[in-house]
$ cat data.txt   # compact mmCIF, C-alpha atoms
# COMPACT_ATOMS: atom_id res chain seq x y z
CA MET A 705 -24.76 -6.83 1.33
CA PRO A 706 -22.36 -9.13 -0.54
CA CYS A 707 -23.75 -12.64 -0.30
CA LEU A 708 -22.38 -16.12 -0.95
CA ASN A 709 -24.45 -18.93 0.60
CA GLU A 710 -25.80 -17.01 3.60
CA ALA A 711 -29.22 -18.71 3.89
CA GLU A 712 -28.75 -19.14 7.65
CA THR A 713 -28.36 -15.42 8.34
CA ILE A 714 -29.64 -13.38 5.40
CA ALA A 715 -33.17 -13.04 6.83
CA ARG A 716 -31.96 -11.56 10.12
CA CYS A 717 -29.71 -9.13 8.25
CA VAL A 718 -32.55 -7.94 6.01
CA GLU A 719 -34.90 -7.45 8.98
CA LYS A 720 -32.26 -5.44 10.87
CA ALA A 721 -31.65 -3.36 7.75
CA LYS A 722 -35.36 -2.55 7.60
CA THR A 723 -35.18 -1.38 11.20
CA GLY A 724 -32.11 0.71 10.38
CA LEU A 725 -33.92 2.46 7.53
CA GLU A 726 -36.91 3.22 9.77
CA LYS A 727 -34.69 4.65 12.52
CA SER A 728 -32.78 6.75 9.99
CA GLY A 729 -35.92 8.39 8.65
CA VAL A 730 -34.78 8.07 5.05
CA THR A 731 -36.12 6.24 2.03
CA GLY A 732 -33.90 3.43 0.89
CA GLU A 733 -33.59 -0.08 -0.46
CA ILE A 734 -31.95 -3.29 0.74
CA LEU A 735 -29.76 -4.67 -2.01
CA ILE A 736 -28.18 -8.13 -1.99
CA ALA A 737 -25.13 -8.51 -4.28
CA ASP A 738 -25.22 -12.25 -4.78
CA ASN A 739 -21.93 -13.79 -5.81
CA GLY A 740 -23.17 -17.23 -6.84
CA SER A 741 -25.14 -18.62 -3.90
CA THR A 742 -26.47 -22.15 -4.27
CA ASP A 743 -28.33 -22.47 -0.94
CA GLY A 744 -31.41 -20.39 -1.72
CA SER A 745 -30.17 -17.13 -0.18
CA GLN A 746 -31.60 -15.17 -3.08
CA ALA A 747 -35.16 -16.43 -2.62
CA ILE A 748 -35.10 -15.71 1.11
CA ALA A 749 -33.92 -12.15 0.56
CA GLU A 750 -36.47 -11.45 -2.20
CA LYS A 751 -39.32 -12.84 -0.09
CA LEU A 752 -38.45 -10.28 2.61
CA GLY A 753 -38.49 -7.42 0.12
CA ALA A 754 -34.79 -7.06 -0.71
CA ARG A 755 -33.59 -6.55 -4.26
CA VAL A 756 -31.12 -9.19 -5.46
CA VAL A 757 -28.47 -8.35 -8.04
CA VAL A 758 -26.43 -11.21 -9.49
CA ILE A 759 -22.68 -10.51 -9.64
CA SER A 760 -21.04 -13.12 -11.85
CA GLU A 761 -17.42 -12.12 -11.29
CA LYS A 762 -16.18 -13.83 -8.14
CA GLY A 763 -14.63 -12.01 -5.19
CA TYR A 764 -15.55 -9.77 -2.27
CA GLY A 765 -14.51 -6.63 -4.13
CA SER A 766 -16.42 -7.66 -7.23
CA ALA A 767 -19.61 -8.13 -5.22
CA ILE A 768 -19.30 -4.70 -3.55
CA ILE A 769 -18.44 -2.92 -6.80
CA GLY A 770 -21.31 -4.59 -8.68
CA GLY A 771 -23.76 -3.91 -5.88
CA SER A 772 -22.69 -0.29 -5.54
CA ARG A 773 -23.12 0.32 -9.26
CA ALA A 774 -26.60 -1.17 -9.11
CA ALA A 775 -27.62 0.77 -5.99
CA ARG A 776 -30.18 3.50 -6.56
CA GLY A 777 -29.51 5.48 -3.42
CA ARG A 778 -27.39 8.56 -2.78
CA TRP A 779 -25.73 6.94 0.20
CA ILE A 780 -24.57 3.33 0.38
CA LEU A 781 -24.03 1.28 3.53
CA MET A 782 -22.18 -2.00 2.96
CA GLY A 783 -21.80 -4.90 5.37
CA ASP A 784 -21.47 -8.68 5.49
CA ALA A 785 -24.60 -10.83 5.37
CA ASP A 786 -23.43 -13.18 8.14
CA ASP A 787 -25.20 -11.30 10.97
CA SER A 788 -21.93 -10.15 12.53
CA TYR A 789 -22.89 -6.49 12.02
CA ASP A 790 -26.05 -4.79 13.25
CA PHE A 791 -27.68 -3.01 10.31
CA SER A 792 -30.26 -1.52 12.67
CA GLN A 793 -27.51 0.99 13.57
CA ALA A 794 -27.67 2.49 10.08
CA ASP A 795 -28.88 5.79 11.55
CA ARG A 796 -25.35 6.45 12.89
CA PHE A 797 -24.02 6.40 9.35
CA VAL A 798 -26.89 8.45 7.94
CA LYS A 799 -26.20 11.17 10.50
CA LYS A 800 -22.59 11.41 9.33
CA PHE A 801 -23.70 11.57 5.69
CA GLN A 802 -26.06 14.41 6.57
CA GLU A 803 -23.09 16.22 8.13
CA GLY A 804 -21.20 15.99 4.81
CA ALA A 805 -19.03 12.88 5.21
CA GLU A 806 -18.05 11.04 2.01
CA LEU A 807 -16.75 7.84 3.64
CA VAL A 808 -18.03 6.67 7.03
CA MET A 809 -16.01 3.86 8.57
CA GLY A 810 -17.39 1.60 11.26
CA CYS A 811 -14.95 0.94 14.09
CA ARG A 812 -15.03 -2.33 16.01
CA LEU A 813 -11.87 -1.66 18.03
CA PRO A 814 -12.09 -0.16 21.54
CA SER A 815 -9.52 2.47 20.48
CA GLY A 816 -12.26 3.99 18.32
CA GLY A 817 -15.13 3.35 20.70
CA GLY A 818 -16.20 0.04 19.15
CA THR A 819 -17.08 -3.26 20.79
CA ILE A 820 -16.04 -6.82 19.96
CA LEU A 821 -18.28 -9.35 21.67
CA PRO A 822 -16.82 -12.64 22.98
CA GLY A 823 -16.17 -15.14 20.19
CA ALA A 824 -16.76 -12.56 17.45
CA MET A 825 -13.15 -12.33 16.28
CA PRO A 826 -10.28 -14.86 16.45
CA TRP A 827 -7.44 -13.83 18.77
CA LYS A 828 -4.96 -13.43 15.90
CA ASN A 829 -7.28 -10.95 14.20
CA ARG A 830 -8.23 -9.22 17.45
CA TRP A 831 -4.76 -8.71 18.92
CA LEU A 832 -2.45 -8.99 15.91
CA GLY A 833 -3.96 -8.63 12.45
CA ASN A 834 -6.40 -5.74 12.77
CA PRO A 835 -4.41 -3.55 15.21
CA VAL A 836 -1.15 -3.99 13.27
CA LEU A 837 -2.65 -3.44 9.82
CA SER A 838 -4.67 -0.46 11.07
CA PHE A 839 -1.53 1.05 12.64
CA ILE A 840 0.39 0.58 9.38
CA GLY A 841 -2.46 2.15 7.43
CA ARG A 842 -2.54 5.17 9.71
CA LEU A 843 1.27 5.48 9.59
CA PHE A 844 1.66 5.05 5.83
CA PHE A 845 -1.31 7.07 4.64
CA LYS A 846 -2.25 9.36 7.57
CA CYS A 847 -5.72 7.85 7.53
CA PRO A 848 -7.98 8.99 10.41
CA ALA A 849 -9.73 5.63 10.87
CA HIS A 850 -8.82 3.36 13.79
CA ASP A 851 -10.22 0.17 12.23
CA PHE A 852 -8.85 -0.15 8.71
CA HIS A 853 -10.75 -3.33 7.83
CA CYS A 854 -14.17 -3.00 9.38
CA GLY A 855 -16.68 -4.56 6.99
CA LEU A 856 -19.48 -2.17 7.97
CA ARG A 857 -18.88 1.15 6.24
CA GLY A 858 -20.75 3.71 4.20
CA PHE A 859 -19.93 5.99 1.28
CA THR A 860 -21.73 8.32 -1.05
CA LYS A 861 -22.50 7.20 -4.58
CA GLU A 862 -20.48 10.15 -5.86
CA ALA A 863 -17.50 9.12 -3.73
CA PHE A 864 -17.75 5.55 -5.04
CA TYR A 865 -17.27 6.69 -8.63
CA LYS A 866 -14.61 9.19 -7.60
CA MET A 867 -12.57 6.42 -5.93
CA ASP A 868 -12.77 4.24 -9.09
CA LEU A 869 -11.95 1.07 -7.12
CA GLN A 870 -10.32 -1.79 -9.02
CA THR A 871 -9.47 -4.75 -6.77
CA THR A 872 -11.82 -7.73 -6.76
CA GLY A 873 -10.67 -9.63 -3.66
CA MET A 874 -10.31 -8.88 0.04
CA GLU A 875 -7.83 -6.08 -0.78
CA PHE A 876 -10.88 -4.05 -1.73
CA ALA A 877 -11.36 -3.01 1.91
CA SER A 878 -7.85 -1.53 2.01
CA GLU A 879 -8.08 0.03 -1.44
CA MET A 880 -11.24 1.91 -0.54
CA ILE A 881 -9.90 3.69 2.53
CA ILE A 882 -6.42 4.26 1.06
CA THR A 883 -7.85 5.77 -2.12
CA ALA A 884 -10.31 7.93 -0.18
CA THR A 885 -7.47 9.20 2.01
CA LEU A 886 -5.17 9.94 -0.94
CA LYS A 887 -7.98 11.76 -2.72
CA LYS A 888 -8.51 13.83 0.44
CA MET A 889 -12.14 12.86 0.88
CA LYS A 890 -13.99 13.71 4.07
CA ILE A 891 -13.64 10.56 6.20
CA THR A 892 -15.13 9.93 9.60
CA GLU A 893 -15.98 6.89 11.71
CA VAL A 894 -18.68 5.65 14.06
CA PRO A 895 -18.40 2.98 16.75
CA VAL A 896 -20.04 -0.35 15.91
CA THR A 897 -20.44 -3.71 17.61
CA LEU A 898 -19.07 -6.90 16.11
CA SER A 899 -21.02 -10.02 17.06
CA LYS A 900 -20.25 -13.67 16.49
CA ASP A 901 -21.52 -14.54 13.02
CA GLY A 902 -24.58 -16.77 12.80
CA ARG A 903 -23.25 -19.31 10.31
CA SER A 904 -22.55 -22.96 11.07
CA ARG A 905 -19.91 -23.20 8.32
CA PRO A 906 -16.39 -21.69 8.42
CA PRO A 907 -16.05 -18.05 7.26
CA HIS A 908 -14.80 -17.16 3.78
CA LEU A 909 -11.99 -15.12 5.33
CA LYS A 910 -8.56 -16.79 5.63
CA PRO A 911 -6.78 -14.71 8.33
CA TRP A 912 -3.11 -15.28 7.42
CA ARG A 913 -3.57 -15.31 3.65
CA ASP A 914 -5.91 -12.32 3.54
CA GLY A 915 -3.85 -10.44 6.14
CA TRP A 916 -0.78 -10.78 3.92
CA ARG A 917 -2.79 -9.64 0.91
CA HIS A 918 -3.84 -6.49 2.78
CA LEU A 919 -0.25 -5.79 3.92
CA ARG A 920 1.11 -6.38 0.42
CA PHE A 921 -1.45 -3.99 -1.02
CA MET A 922 -0.53 -1.28 1.50
CA LEU A 923 3.16 -1.63 0.68
CA LEU A 924 2.55 -1.49 -3.07
CA PHE A 925 0.46 1.65 -2.61
CA SER A 926 3.21 3.29 -0.56
CA PRO A 927 6.49 3.41 -2.54
CA ARG A 928 7.81 5.78 0.12
CA TRP A 929 7.77 3.09 2.83
CA LEU A 930 8.49 0.11 0.58
CA PHE A 931 11.40 1.62 -1.38
CA LEU A 932 12.31 5.21 -0.56
CA PHE A 933 12.89 5.17 3.21
CA PRO A 934 14.81 1.84 3.22
CA GLY A 935 16.82 3.00 0.19
CA VAL A 936 17.82 6.34 1.72
CA PHE A 937 18.77 4.59 4.96
CA LEU A 938 20.96 2.04 3.16
CA CYS A 939 22.63 4.75 1.05
CA LEU A 940 23.45 6.88 4.08
CA LEU A 941 24.63 3.86 6.09
CA GLY A 942 26.90 2.76 3.25
CA CYS A 943 28.35 6.25 2.83
CA VAL A 944 29.03 6.73 6.53
CA ILE A 945 30.82 3.39 6.84
CA SER A 946 32.69 3.36 3.52
CA ALA A 947 34.04 6.94 3.66
CA PRO A 948 36.62 6.33 6.44
CA LEU A 949 37.34 2.77 5.30
CA ALA A 950 38.45 4.06 1.90
CA PHE A 951 41.50 5.53 3.66
CA GLY A 952 42.23 2.91 6.31
CA ASP A 953 40.94 0.57 8.99
CA PHE A 954 39.23 1.73 12.14
CA ASP A 955 38.13 0.13 15.40
CA ILE A 956 35.02 0.45 17.53
CA GLY A 957 35.81 -1.13 20.88
CA LEU A 958 37.12 -4.60 20.22
CA VAL A 959 35.63 -4.76 16.72
CA LYS A 960 38.01 -4.06 13.82
CA PHE A 961 36.61 -2.84 10.49
CA ASN A 962 38.72 -3.31 7.38
CA VAL A 963 38.46 -3.76 3.62
CA GLY A 964 35.88 -6.54 3.94
CA THR A 965 33.52 -4.13 5.68
CA LEU A 966 34.24 -1.61 2.92
CA ALA A 967 32.98 -4.10 0.32
CA VAL A 968 29.76 -4.70 2.28
CA ALA A 969 29.23 -0.95 2.80
CA CYS A 970 29.62 -0.26 -0.91
CA MET A 971 27.19 -3.05 -1.72
CA THR A 972 24.75 -1.40 0.71
CA MET A 973 25.08 1.88 -1.17
CA ILE A 974 24.32 0.22 -4.52
CA VAL A 975 21.27 -1.59 -3.14
CA GLY A 976 20.06 1.62 -1.48
CA PHE A 977 20.40 3.60 -4.69
CA GLN A 978 18.41 0.99 -6.58
CA LEU A 979 15.63 1.08 -3.99
CA VAL A 980 15.44 4.89 -4.22
CA ALA A 981 15.19 4.57 -8.01
CA PHE A 982 12.41 1.99 -7.64
CA ALA A 983 10.52 4.42 -5.40
CA PHE A 984 10.47 7.05 -8.14
CA PHE A 985 9.70 4.52 -10.89
CA THR A 986 6.75 3.12 -8.95
CA LYS A 987 5.38 6.53 -8.00
CA VAL A 988 5.54 7.92 -11.54
CA PHE A 989 4.01 4.76 -13.02
CA ALA A 990 1.20 4.66 -10.44
CA ILE A 991 0.32 8.32 -10.99
CA ALA A 992 0.41 7.92 -14.78
CA GLU A 993 -1.93 4.92 -14.63
CA GLY A 994 -4.31 6.66 -12.22
CA LEU A 995 -3.57 4.31 -9.31
CA LEU A 996 -2.30 7.18 -7.14
CA PRO A 997 -3.26 10.87 -7.21
CA GLU A 998 -0.76 13.46 -8.39
CA ASP A 999 1.83 14.45 -5.80
CA PRO A 1000 2.77 18.18 -5.89
CA LYS A 1001 6.04 17.52 -4.01
CA LEU A 1002 7.10 14.91 -6.57
CA SER A 1003 6.17 17.20 -9.46
CA SER A 1004 8.29 20.02 -7.98
CA LEU A 1005 11.22 17.67 -7.46
CA LEU A 1006 11.04 16.33 -11.00
CA LYS A 1007 11.09 19.86 -12.39
CA VAL A 1008 14.47 20.36 -10.72
CA PHE A 1009 15.98 16.93 -11.38
CA THR A 1010 15.35 16.58 -15.10
CA LEU A 1011 16.58 13.82 -17.41
CA GLU A 1012 19.49 15.97 -18.59
CA LYS A 1013 20.61 16.83 -15.05
CA GLY A 1014 20.30 13.22 -13.97
CA VAL A 1015 22.46 12.06 -16.86
CA LEU A 1016 25.08 14.76 -16.24
CA VAL A 1017 25.36 13.96 -12.52
CA SER A 1018 25.51 10.24 -13.27
CA PHE A 1019 28.26 10.77 -15.86
CA ALA A 1020 30.20 12.76 -13.28
CA VAL A 1021 29.95 9.87 -10.80
CA LEU A 1022 30.90 7.43 -13.55
CA LEU A 1023 33.90 9.57 -14.52
CA ALA A 1024 35.06 9.71 -10.88
CA GLY A 1025 34.93 5.92 -10.75
CA VAL A 1026 36.86 5.60 -14.02
CA ILE A 1027 39.55 7.97 -12.72
CA LEU A 1028 39.94 5.93 -9.52
CA LEU A 1029 40.07 2.72 -11.55
CA ALA A 1030 42.69 4.25 -13.90
CA ARG A 1031 44.77 5.21 -10.85
CA ALA A 1032 44.58 1.63 -9.58
CA VAL A 1033 45.69 0.34 -13.00
CA TRP A 1034 48.56 2.85 -13.07
CA ILE A 1035 49.78 1.64 -9.66
CA TRP A 1036 49.55 -1.93 -10.96
CA LYS A 1037 51.59 -0.87 -14.01
CA GLN A 1038 54.27 0.48 -11.67
CA ALA A 1039 54.60 -3.10 -10.40
CA ASP A 1040 54.96 -4.34 -14.00
CA TYR A 1041 51.43 -5.81 -13.79
CA GLY A 1042 52.62 -8.31 -11.22
CA ILE A 1043 51.69 -9.05 -7.63
CA LEU A 1044 51.16 -5.86 -5.64
CA PRO A 1045 52.82 -5.49 -2.22
CA SER A 1046 49.48 -5.13 -0.41
CA THR A 1047 46.34 -6.86 -1.62
CA GLU A 1048 44.31 -4.99 0.98
CA ASP A 1049 45.47 -1.57 -0.26
CA ASN A 1050 44.70 -2.62 -3.80
CA MET A 1051 41.14 -3.64 -2.85
CA ARG A 1052 40.75 -0.35 -1.01
CA ARG A 1053 41.38 1.38 -4.34
CA LEU A 1054 39.30 -0.96 -6.51
CA ILE A 1055 36.12 -1.28 -4.43
CA PRO A 1056 35.25 2.47 -4.33
CA ALA A 1057 36.14 2.78 -8.04
CA ILE A 1058 33.87 -0.08 -9.05
CA THR A 1059 31.09 1.21 -6.80
CA LEU A 1060 31.14 4.65 -8.39
CA ILE A 1061 31.15 3.14 -11.88
CA VAL A 1062 28.13 0.95 -11.06
CA LEU A 1063 26.26 3.88 -9.48
CA GLY A 1064 27.04 6.09 -12.46
CA ILE A 1065 25.78 3.52 -14.96
CA GLN A 1066 22.66 2.90 -12.89
CA GLY A 1067 22.06 6.64 -12.67
CA VAL A 1068 22.31 7.16 -16.44
CA PHE A 1069 19.89 4.39 -17.33
CA SER A 1070 17.57 5.15 -14.42
CA SER A 1071 17.25 8.72 -15.69
CA PHE A 1072 16.29 7.51 -19.16
CA PHE A 1073 13.86 4.94 -17.75
CA MET A 1074 12.24 7.62 -15.59
CA SER A 1075 11.83 9.75 -18.70
CA ALA A 1076 10.22 6.80 -20.53
CA LEU A 1077 7.75 6.29 -17.68
CA GLY A 1078 6.92 9.98 -17.86
CA LEU A 1079 5.88 9.92 -21.51
CA LYS A 1080 2.40 11.36 -21.91
CA THR A 1081 -0.23 9.67 -24.07
CA ALA A 1082 -3.97 10.01 -24.49
CA ASN A 1083 -4.52 7.55 -21.64
CA ARG A 1084 -1.53 8.23 -19.37
CA LYS A 1085 -1.09 11.35 -17.24
CA PRO A 1086 2.30 11.18 -15.50
CA PRO A 1087 3.59 13.97 -13.22
CA PRO A 1088 4.78 17.10 -15.04
CA ALA A 1089 8.47 17.40 -16.05
CA THR A 1090 9.16 13.63 -16.08

$ encode --input "data.txt" --output "C-alpha cells"
Amino acid sequence: MPCLNEAETIARCVEKAKTGLEKSGVTGEILIADNGSTDGSQAIAEKLGARVVVISEKGYGSAIIGGSRAARGRWILMGDADDSYDFSQADRFVKKFQEGAELVMGCRLPSGGGTILPGAMPWKNRWLGNPVLSFIGRLFFKCPAHDFHCGLRGFTKEAFYKMDLQTTGMEFASEMIITATLKKMKITEVPVTLSKDGRSRPPHLKPWRDGWRHLRFMLLFSPRWLFLFPGVFLCLLGCVISAPLAFGDFDIGLVKFNVGTLAVACMTMIVGFQLVAFAFFTKVFAIAEGLLPEDPKLSSLLKVFTLEKGVLVSFAVLLAGVILLARAVWIWKQADYGILPSTEDNMRRLIPAITLIVLGIQGVFSSFFMSALGLKTANRKPPPAT
C-alpha cells in the first residue's frame, strides 16, 4: 500500500488485508510503502504487524515501484491506503494468479462487473474520466481491461521486473497496463467494490490535471493514433482536393473551390506528411530506448523502405517540383518577366511546384534522420534495417 499521511484509515486497511490473506490460504506480508508521512501512519501500521518501507522519492509511481522491489512475495497486490478498496477480497486476485495470470486488474465499473458505492467517485470521474480513458486505452492498445485506472490490481514479481516501469507519478497506472499489454502478458480482471474513502482531508488525486496526464501518456505511447492516422488522413484529403484544383476550379452545390482552396489543400498534404514522419521517428526512438517492444510489422516495412530508397523517391518528388517550377518560370519569361495575364493560373502552377519541392526536401532529410535514429549502440536496440 502506498501511504502518505493515512493515519485515519491505515489501520482498517491493514486489518482487511490480514483477512484477505487468511481467506486466500497463502502466506504473505502486508507492506506499507511510506512516501513521507508526518502523521504517524508508520507507527500505526507497524503496531498492527505490517512492514513499513520508506520511499524517499516522491510520487505515486515511486511508492509502488519502491514497495514492489522490497516485497518478498511471488505475487503482489497493490491498493490505496485510504480504505476505498476492500483488501479482504484478496482471494479473488490469488485465484487468478493460481490460474496463471501475470496482471490482475480490479474493475470498479459496472461494465466489468464492478460496483461504485454512492459518494465513492466524483461524477466527472464516474461518467467522464474513467469511462473515456478506459475506452481510449482499449481502442489504442487492445487492452482487455474495462477499468484502466483501478487502483486495486495485482501482478507477479516476475511480471513487475519484466515491465520495467519508469514513471513516478499518477501515469504509473497507465504505464503498467499499457506495457503489460504491449509485452503480451496474460491479463485478466476481477470485479471489485469502490467505497467512499475514510479520510477527512481532500484526496491527493487532482481529477482534471491527472486525467490529462493519463491521456497525454496514452497518446505518447501510441504514435499510430497521435501521428500516423491523422497524418495519413491529412495527406489523402490534401491529395483528393488538390488533384482536380491543379487543373481548374470546381463546384460542389453552391460552393466554389478555386486556387485558394488549392493552397490550403497543399498545406494539408505537407502537414500530413510531417505527421507521418513523426510517427516513424517516435516509434523507432521508443523501440530503441526500450519504451516500446519491437514491432514486427514496422521491421518488415523498414526492410523495404530503406534509407537509399527513401532518398531516391524523395529526389524524384523534388525533381518533379523543380520541373514544374521551371515551367512556371519559362511561362513568366515568355511575358518578358512582367505581369502575367492571369494571376490565378500562375498560382495554380506555382503552388503544386512548391509543394512537391517542400515534400521532396522533407523526404530526403527525414530519411537521413530515420537512419540516424536507427543507429545501433551497446545500449540502443532499434528495429532492424533502420

$ atom_distance --input "data.txt" --atom1 "atom CA of A:Asp743" --atom2 "atom CA of A:Asn709"
5.5 Å

$ atom_distance --input "data.txt" --atom1 "atom CA of A:Ala711" --atom2 "atom CA of A:Gln746"
8.2 Å

$ atom_distance --input "data.txt" --atom1 "atom CA of A:Arg773" --atom2 "atom CA of A:Phe864"
8.6 Å

$ closest_residue --input "data.txt" --among "A:Gly804, A:Gly1078, A:Gly855, A:Gly817" --to "A:Leu781" --atoms "all atoms listed in the file"
A:Gly855

$ closest_residue --input "data.txt" --among "A:Pro1087, A:Glu719, A:Val980, A:Pro948" --to "A:Ser1004" --atoms "all atoms listed in the file"
A:Pro1087

$ residues_around --input "data.txt" --residues "stretch 727-734 of chain A" --least-positions-apart "4" --cutoff "12 Å" --atoms "only C-alpha atoms" --output "PyMOL selection string"
chain A and resi 705-706+714-715+717-723+749-750+752-757+771-772+774-783+785+791-802

$ closest_residue --input "data.txt" --among "A:Ala805, A:Val1033, A:Leu940, A:Leu821" --to "A:Glu893" --atoms "only C-alpha atoms"
A:Ala805

$ residues_around --input "data.txt" --residues "A:Asp787" --least-positions-apart "2" --cutoff "8 Å" --atoms "all atoms listed in the file" --output "PyMOL selection string"
chain A and resi 713-714+716-717+784-785+789-790+899-902

$ closest_residue --input "data.txt" --among "A:Leu1054, A:Ala884, A:Met922, A:Ile1061" --to "A:Ser1018" --atoms "all atoms listed in the file"
A:Ile1061

$ residues_around --input "data.txt" --residues "A:Leu932" --least-positions-apart "4" --cutoff "12 Å" --atoms "all atoms listed in the file" --output "PDB file with C-alpha atoms, keeping the file's coordinate frame"
ATOM      1  CA  LEU A 923       3.160  -1.630   0.680  1.00  0.00           C
ATOM      2  CA  SER A 926       3.210   3.290  -0.560  1.00  0.00           C
ATOM      3  CA  PRO A 927       6.490   3.410  -2.540  1.00  0.00           C
ATOM      4  CA  ARG A 928       7.810   5.780   0.120  1.00  0.00           C
ATOM      5  CA  VAL A 936      17.820   6.340   1.720  1.00  0.00           C
ATOM      6  CA  PHE A 937      18.770   4.590   4.960  1.00  0.00           C
ATOM      7  CA  LEU A 938      20.960   2.040   3.160  1.00  0.00           C
ATOM      8  CA  CYS A 939      22.630   4.750   1.050  1.00  0.00           C
ATOM      9  CA  VAL A 975      21.270  -1.590  -3.140  1.00  0.00           C
ATOM     10  CA  GLY A 976      20.060   1.620  -1.480  1.00  0.00           C
ATOM     11  CA  PHE A 977      20.400   3.600  -4.690  1.00  0.00           C
ATOM     12  CA  GLN A 978      18.410   0.990  -6.580  1.00  0.00           C
ATOM     13  CA  LEU A 979      15.630   1.080  -3.990  1.00  0.00           C
ATOM     14  CA  VAL A 980      15.440   4.890  -4.220  1.00  0.00           C
ATOM     15  CA  ALA A 981      15.190   4.570  -8.010  1.00  0.00           C
ATOM     16  CA  PHE A 982      12.410   1.990  -7.640  1.00  0.00           C
ATOM     17  CA  ALA A 983      10.520   4.420  -5.400  1.00  0.00           C
ATOM     18  CA  PHE A 984      10.470   7.050  -8.140  1.00  0.00           C
ATOM     19  CA  PHE A 985       9.700   4.520 -10.890  1.00  0.00           C
ATOM     20  CA  THR A 986       6.750   3.120  -8.950  1.00  0.00           C
ATOM     21  CA  LYS A 987       5.380   6.530  -8.000  1.00  0.00           C
TER      22      LYS A 987
END

$ closest_residue --input "data.txt" --among "A:Gly1067, A:Glu761, A:Ile991, A:Cys707" --to "A:Ser741" --atoms "all atoms listed in the file"
A:Cys707

$ residues_around --input "data.txt" --residues "A:Leu886" --least-positions-apart "2" --cutoff "8 Å" --atoms "all atoms listed in the file" --output "number ranges by chain"
A: 845, 882-884, 888-889, 996-997

$ closest_residue --input "data.txt" --among "A:Phe1072, A:Leu1060, A:Pro1086, A:Phe925" --to "A:Glu998" --atoms "all atoms listed in the file"
A:Pro1086

$ residues_near_point --input "data.txt" --point "(41.6, -2.4, -2.8)" --cutoff "12 Å" --atoms "all atoms listed in the file" --output "ChimeraX atom specification"
/A:949-952,962-967,1028-1029,1031-1033,1035-1036,1044-1059

$ write_last_selection --input "data.txt" --atoms "C-alpha atoms" --output "PDB file, in the frame of the given file"
ATOM      1  CA  LEU A 949      37.340   2.770   5.300  1.00  0.00           C
ATOM      2  CA  ALA A 950      38.450   4.060   1.900  1.00  0.00           C
ATOM      3  CA  PHE A 951      41.500   5.530   3.660  1.00  0.00           C
ATOM      4  CA  GLY A 952      42.230   2.910   6.310  1.00  0.00           C
ATOM      5  CA  ASN A 962      38.720  -3.310   7.380  1.00  0.00           C
ATOM      6  CA  VAL A 963      38.460  -3.760   3.620  1.00  0.00           C
ATOM      7  CA  GLY A 964      35.880  -6.540   3.940  1.00  0.00           C
ATOM      8  CA  THR A 965      33.520  -4.130   5.680  1.00  0.00           C
ATOM      9  CA  LEU A 966      34.240  -1.610   2.920  1.00  0.00           C
ATOM     10  CA  ALA A 967      32.980  -4.100   0.320  1.00  0.00           C
ATOM     11  CA  LEU A1028      39.940   5.930  -9.520  1.00  0.00           C
ATOM     12  CA  LEU A1029      40.070   2.720 -11.550  1.00  0.00           C
ATOM     13  CA  ARG A1031      44.770   5.210 -10.850  1.00  0.00           C
ATOM     14  CA  ALA A1032      44.580   1.630  -9.580  1.00  0.00           C
ATOM     15  CA  VAL A1033      45.690   0.340 -13.000  1.00  0.00           C
ATOM     16  CA  ILE A1035      49.780   1.640  -9.660  1.00  0.00           C
ATOM     17  CA  TRP A1036      49.550  -1.930 -10.960  1.00  0.00           C
ATOM     18  CA  LEU A1044      51.160  -5.860  -5.640  1.00  0.00           C
ATOM     19  CA  PRO A1045      52.820  -5.490  -2.220  1.00  0.00           C
ATOM     20  CA  SER A1046      49.480  -5.130  -0.410  1.00  0.00           C
ATOM     21  CA  THR A1047      46.340  -6.860  -1.620  1.00  0.00           C
ATOM     22  CA  GLU A1048      44.310  -4.990   0.980  1.00  0.00           C
ATOM     23  CA  ASP A1049      45.470  -1.570  -0.260  1.00  0.00           C
ATOM     24  CA  ASN A1050      44.700  -2.620  -3.800  1.00  0.00           C
ATOM     25  CA  MET A1051      41.140  -3.640  -2.850  1.00  0.00           C
ATOM     26  CA  ARG A1052      40.750  -0.350  -1.010  1.00  0.00           C
ATOM     27  CA  ARG A1053      41.380   1.380  -4.340  1.00  0.00           C
ATOM     28  CA  LEU A1054      39.300  -0.960  -6.510  1.00  0.00           C
ATOM     29  CA  ILE A1055      36.120  -1.280  -4.430  1.00  0.00           C
ATOM     30  CA  PRO A1056      35.250   2.470  -4.330  1.00  0.00           C
ATOM     31  CA  ALA A1057      36.140   2.780  -8.040  1.00  0.00           C
ATOM     32  CA  ILE A1058      33.870  -0.080  -9.050  1.00  0.00           C
ATOM     33  CA  THR A1059      31.090   1.210  -6.800  1.00  0.00           C
TER      34      THR A1059
END
